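Here's the structure, in structure tokens; my notes come after.
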Amino acid sequence: MPRLIVSIDGVVVKEVQLTRDRSTIGRRPYNDIVIDNLAVSGEHAVIHLAGGQATLEDLGSTNGTYVNGKAIKKQVLVHDDTVEVGKYKLKFLESDGNSAPMALANGAAAPMVPEGAPTEPAPVQSEGPRVRVLSGVAAGREMMLTKVVTTLGKPGHSVASIIRKPHGFDLSHVEGEPVATVNGVSVDGGPILLKNRDQIELGGIRLEFVEH
């Protein structure tokens, strides 16, 4: 199934599966792929799936739609194409590949809780890197860090991501205010390598990184 990897300034924000024949991209909340950035038009572009092909079409956006650095009006996408919409980049991948889907925070419900999370506090895990929620309505829940990117926070407000790298797990700022902190140190100066029992604060919610 084709998908888009959405990033800004080199930080992956989310992953979107293209399951519909027509997927709209824009700033307005009714779009299939919402990109909350002033450089993005309310209805910016659309991706059509037909005949085994994905075709990107600009919808008369103010700042244009680009594929691999070139402005387009309508173009068939191929694997690994990079679509630029405002300051965001959308990497087009034709199939799922081997990367894990992202765990996105559900902004409509309790902050810091990924979609599909259980309604009751999860039992404490005996092993594996994870983030434990220490405060708020989701206190006691844990998010196992099994994916390449785990996004935390409320979209459009304070959002951060934990990225699995060879050397460990980095916490990076994605968007919004206030910027996340690790043990009181803001990540606005760049990613911070998480260590066991580090205390994270994001949008008024306290979390703890557990390495094992």
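Just remember, in the structure tokens the first chain shown is A, the second B, etc., residues are 1-based per chain, and ligands are 1-based in the order shown.
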
Please provide as an mmCIF file with C-alpha atoms, in the first residue's frame all residues within 7 Å of Val174 of chain A, with the sequence filter that same-chain residues fewer than 3 positions apart are discarded (counting only C-alpha atoms).
data_model
loop_
_atom_site.group_PDB
_atom_site.id
_atom_site.type_symbol
_atom_site.label_atom_id
_atom_site.label_comp_id
_atom_site.auth_asym_id
_atom_site.auth_seq_id
_atom_site.Cartn_x
_atom_site.Cartn_y
_atom_site.Cartn_z
ATOM 1 C CA VAL A 11 12.305 15.422 11.613
ATOM 2 C CA VAL A 13 6.225 14.030 11.910
ATOM 3 C CA VAL A 159 4.663 18.002 19.636
ATOM 4 C CA ALA A 160 7.912 16.061 20.012
ATOM 5 C CA SER A 161 9.229 12.806 18.587
#

_Selection: 10 Å around Lys165 of chain A, only C-alpha atoms, excl. self and same-chain fewer than 2 positions, as a ChimeraX atom specification_ = /A:148-149,162-163,167-170,193

Output all heavy atoms for every residue in that selection, as a PDB file, in the first residue's frame.
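Written output follows (result04.pdb):
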ATOM      1  N   VAL A 148      10.348   3.042  14.713  1.00  0.00           N
ATOM      2  CA  VAL A 148      11.454   3.938  14.396  1.00  0.00           C
ATOM      3  C   VAL A 148      11.182   5.329  14.952  1.00  0.00           C
ATOM      4  O   VAL A 148      12.062   5.981  15.511  1.00  0.00           O
ATOM      5  CB  VAL A 148      11.684   4.013  12.867  1.00  0.00           C
ATOM      6  CG1 VAL A 148      12.764   5.034  12.528  1.00  0.00           C
ATOM      7  CG2 VAL A 148      12.064   2.648  12.318  1.00  0.00           C
ATOM      8  N   VAL A 149       9.943   5.782  14.817  1.00  0.00           N
ATOM      9  CA  VAL A 149       9.565   7.102  15.308  1.00  0.00           C
ATOM     10  C   VAL A 149       8.284   6.990  16.127  1.00  0.00           C
ATOM     11  O   VAL A 149       7.307   6.392  15.683  1.00  0.00           O
ATOM     12  CB  VAL A 149       9.322   8.094  14.141  1.00  0.00           C
ATOM     13  CG1 VAL A 149       8.916   9.460  14.689  1.00  0.00           C
ATOM     14  CG2 VAL A 149      10.558   8.224  13.276  1.00  0.00           C
ATOM     15  N   ILE A 162      10.266  10.821  19.464  1.00  0.00           N
ATOM     16  CA  ILE A 162      11.375  10.002  19.939  1.00  0.00           C
ATOM     17  C   ILE A 162      11.798   9.121  18.768  1.00  0.00           C
ATOM     18  O   ILE A 162      10.993   8.362  18.236  1.00  0.00           O
ATOM     19  CB  ILE A 162      10.959   9.135  21.142  1.00  0.00           C
ATOM     20  CG1 ILE A 162      10.574  10.035  22.326  1.00  0.00           C
ATOM     21  CG2 ILE A 162      12.101   8.204  21.553  1.00  0.00           C
ATOM     22  CD1 ILE A 162      10.084   9.271  23.535  1.00  0.00           C
ATOM     23  N   ILE A 163      13.049   9.261  18.357  1.00  0.00           N
ATOM     24  CA  ILE A 163      13.547   8.566  17.174  1.00  0.00           C
ATOM     25  C   ILE A 163      14.578   7.529  17.588  1.00  0.00           C
ATOM     26  O   ILE A 163      15.540   7.834  18.296  1.00  0.00           O
ATOM     27  CB  ILE A 163      14.175   9.564  16.179  1.00  0.00           C
ATOM     28  CG1 ILE A 163      13.153  10.648  15.802  1.00  0.00           C
ATOM     29  CG2 ILE A 163      14.677   8.839  14.930  1.00  0.00           C
ATOM     30  CD1 ILE A 163      13.722  11.751  14.941  1.00  0.00           C
ATOM     31  N   HIS A 167      22.636   4.677  18.208  1.00  0.00           N
ATOM     32  CA  HIS A 167      23.237   4.993  19.504  1.00  0.00           C
ATOM     33  C   HIS A 167      22.229   5.061  20.636  1.00  0.00           C
ATOM     34  O   HIS A 167      22.594   5.234  21.792  1.00  0.00           O
ATOM     35  CB  HIS A 167      24.001   6.325  19.427  1.00  0.00           C
ATOM     36  CG  HIS A 167      23.126   7.493  19.080  1.00  0.00           C
ATOM     37  ND1 HIS A 167      23.016   7.980  17.793  1.00  0.00           N
ATOM     38  CD2 HIS A 167      22.307   8.265  19.831  1.00  0.00           C
ATOM     39  CE1 HIS A 167      22.187   9.009  17.784  1.00  0.00           C
ATOM     40  NE2 HIS A 167      21.725   9.190  19.000  1.00  0.00           N
ATOM     41  N   GLY A 168      20.926   4.947  20.315  1.00  0.00           N
ATOM     42  CA  GLY A 168      19.908   5.019  21.352  1.00  0.00           C
ATOM     43  C   GLY A 168      18.669   5.744  20.871  1.00  0.00           C
ATOM     44  O   GLY A 168      18.307   5.664  19.692  1.00  0.00           O
ATOM     45  N   PHE A 169      18.010   6.489  21.761  1.00  0.00           N
ATOM     46  CA  PHE A 169      16.773   7.192  21.440  1.00  0.00           C
ATOM     47  C   PHE A 169      16.965   8.694  21.627  1.00  0.00           C
ATOM     48  O   PHE A 169      17.375   9.147  22.700  1.00  0.00           O
ATOM     49  CB  PHE A 169      15.620   6.708  22.333  1.00  0.00           C
ATOM     50  CG  PHE A 169      15.183   5.302  22.046  1.00  0.00           C
ATOM     51  CD1 PHE A 169      15.830   4.239  22.650  1.00  0.00           C
ATOM     52  CD2 PHE A 169      14.143   5.030  21.169  1.00  0.00           C
ATOM     53  CE1 PHE A 169      15.440   2.925  22.397  1.00  0.00           C
ATOM     54  CE2 PHE A 169      13.748   3.734  20.905  1.00  0.00           C
ATOM     55  CZ  PHE A 169      14.396   2.681  21.515  1.00  0.00           C
ATOM     56  N   ASP A 170      16.668   9.456  20.573  1.00  0.00           N
ATOM     57  CA  ASP A 170      16.768  10.912  20.616  1.00  0.00           C
ATOM     58  C   ASP A 170      15.377  11.523  20.750  1.00  0.00           C
ATOM     59  O   ASP A 170      14.439  11.099  20.052  1.00  0.00           O
ATOM     60  CB  ASP A 170      17.410  11.466  19.343  1.00  0.00           C
ATOM     61  CG  ASP A 170      18.922  11.286  19.329  1.00  0.00           C
ATOM     62  OD1 ASP A 170      19.482  10.901  20.370  1.00  0.00           O
ATOM     63  OD2 ASP A 170      19.530  11.526  18.269  1.00  0.00           O
ATOM     64  N   LEU A 193      19.801  12.979  23.605  1.00  0.00           N
ATOM     65  CA  LEU A 193      19.867  11.530  23.770  1.00  0.00           C
ATOM     66  C   LEU A 193      19.277  11.173  25.128  1.00  0.00           C
ATOM     67  O   LEU A 193      19.717  11.672  26.159  1.00  0.00           O
ATOM     68  CB  LEU A 193      21.314  11.047  23.673  1.00  0.00           C
ATOM     69  CG  LEU A 193      21.549   9.555  23.940  1.00  0.00           C
ATOM     70  CD1 LEU A 193      20.869   8.704  22.875  1.00  0.00           C
ATOM     71  CD2 LEU A 193      23.049   9.269  23.988  1.00  0.00           C
TER      72      LEU A 193
END

*Any idea what's packed within 7 Å of Gly176 of chain A, counting only C-alpha atoms, ignoring anything in its chain fewer than 2 positions away? Could you give it as a list in words?*
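Contacts, with the query itself left out: Gly156, His157, Ser158, Val159, Pro178 and Val179 of chain A.
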
Could you dump the residues just selected with C-alpha atoms as a PDB file, in the first residue's frame?
ATOM      1  CA  GLY A 156      -1.012  21.798  16.300  1.00  0.00           C
ATOM      2  CA  HIS A 157       0.222  22.449  19.831  1.00  0.00           C
ATOM      3  CA  SER A 158       3.282  20.989  21.567  1.00  0.00           C
ATOM      4  CA  VAL A 159       4.663  18.002  19.636  1.00  0.00           C
ATOM      5  CA  PRO A 178       6.057  24.947  24.958  1.00  0.00           C
ATOM      6  CA  VAL A 179       9.073  23.024  23.681  1.00  0.00           C
TER       7      VAL A 179
END

*asked:* List as a list in words the protein and nucleic acid residues near Ile5 of chain A, meaning an atom at most 6 Å away when only C-alpha atoms are counted, but skip any in the same chain fewer than 3 places from it.
replied: Glu15, Leu90 and Lys91 of chain A

*DSSP on the backbone: what in chain A comes out strand (DSSP E or B), as a count of residues only?*
98

When you look at Ala45 of chain A with a cut-off of 10 Å (counting only C-alpha atoms), what residues show up, excluding the ones that are within fewer than 5 positions of it in the same chain? I need them as a short mmCIF file (atom, residue, chain, number, x, y, z; two decimals) with N, CA and C atoms, in the first residue's frame.
data_model
loop_
_atom_site.label_atom_id
_atom_site.label_comp_id
_atom_site.auth_asym_id
_atom_site.auth_seq_id
_atom_site.Cartn_x
_atom_site.Cartn_y
_atom_site.Cartn_z
N SER A 23 -7.04 11.41 -2.03
CA SER A 23 -6.61 11.91 -0.73
C SER A 23 -6.18 13.37 -0.87
N THR A 24 -6.86 14.25 -0.17
CA THR A 24 -6.55 15.68 -0.26
C THR A 24 -5.50 16.08 0.77
N ILE A 25 -4.71 17.09 0.40
CA ILE A 25 -3.65 17.62 1.27
C ILE A 25 -3.92 19.11 1.45
N GLY A 26 -3.89 19.59 2.68
CA GLY A 26 -4.12 21.01 2.91
C GLY A 26 -4.12 21.37 4.38
N ASN A 31 -9.26 18.01 5.40
CA ASN A 31 -8.43 17.28 4.44
C ASN A 31 -8.05 15.90 4.97
N ILE A 33 -5.08 14.61 4.57
CA ILE A 33 -3.73 14.81 5.12
C ILE A 33 -3.63 16.28 5.51
N VAL A 40 0.95 26.51 3.62
CA VAL A 40 0.12 25.50 2.94
C VAL A 40 -1.29 26.05 2.78
N LEU A 56 -0.26 13.05 -8.38
CA LEU A 56 -0.35 14.24 -7.54
C LEU A 56 -0.81 15.42 -8.39
N GLU A 57 -1.78 16.17 -7.87
CA GLU A 57 -2.30 17.32 -8.61
C GLU A 57 -2.37 18.53 -7.69
N ASP A 58 -1.79 19.64 -8.12
CA ASP A 58 -1.88 20.88 -7.36
C ASP A 58 -3.27 21.48 -7.57
N LEU A 59 -3.87 21.99 -6.48
CA LEU A 59 -5.22 22.53 -6.55
C LEU A 59 -5.23 24.05 -6.59
N GLY A 60 -4.27 24.62 -7.31
CA GLY A 60 -4.20 26.07 -7.43
C GLY A 60 -3.69 26.71 -6.14
N SER A 61 -2.79 26.03 -5.47
CA SER A 61 -2.27 26.53 -4.19
C SER A 61 -1.50 27.82 -4.36
N GLY A 64 2.39 26.78 -4.39
CA GLY A 64 2.78 25.73 -5.31
C GLY A 64 3.08 24.39 -4.65
N THR A 65 3.11 23.36 -5.47
CA THR A 65 3.44 22.00 -5.05
C THR A 65 4.65 21.55 -5.85
N LYS A 73 2.02 20.82 -11.78
CA LYS A 73 0.57 20.99 -11.76
C LYS A 73 -0.10 19.64 -11.59
N LYS A 74 0.46 18.64 -12.31
CA LYS A 74 -0.06 17.28 -12.20
C LYS A 74 1.06 16.33 -12.61
N VAL A 85 5.45 20.61 0.20
CA VAL A 85 4.24 21.41 0.42
C VAL A 85 4.56 22.38 1.56
#

*Between atom CA of Asn68 of chain A and atom CA of Gly86 of chain A - distance in Å to one decimal*: 13.5 Å

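Nearest-residue note for Leu145 of chain A: choosing from A:Ile200, A:Leu4, A:Val131, A:Ile47, the minimum distance belongs to A:Val131, counting only C-alpha atoms.
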
_Between A:Gln53, A:Thr19, A:Asn37, A:Ser172, which residue has the minimum interatomic distance to His79 of chain A, considering only C-alpha atoms?_
A:Gln53

*Would you work out the distance separating atom CA of Pro191 of chain A from atom CA of Val83 of chain A, expressed in Å to one decimal?*
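Atom CA of Val83 of chain A lies 25.0 Å from atom CA of Pro191 of chain A.
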
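Remark: for Arg132 of chain A, the closest of the candidate residues A:Glu208, A:Asp198, A:Asp36, A:Asp21 is A:Glu208 (distances computed over only C-alpha atoms).
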
_Counting only C-alpha atoms, which residue out of A:His173, A:Gly203, A:Gly136, A:Ser41 sits closest to Gly189 of chain A?_
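That would be A:His173, the residue with the smallest distance to Gly189 of chain A.
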
_Spatial neighbours of Leu202 of chain A, 7 Å, only C-alpha atoms, chain gap at least 3 places, as number ranges by chain_ = A: 153, 158, 179-181, 205-206
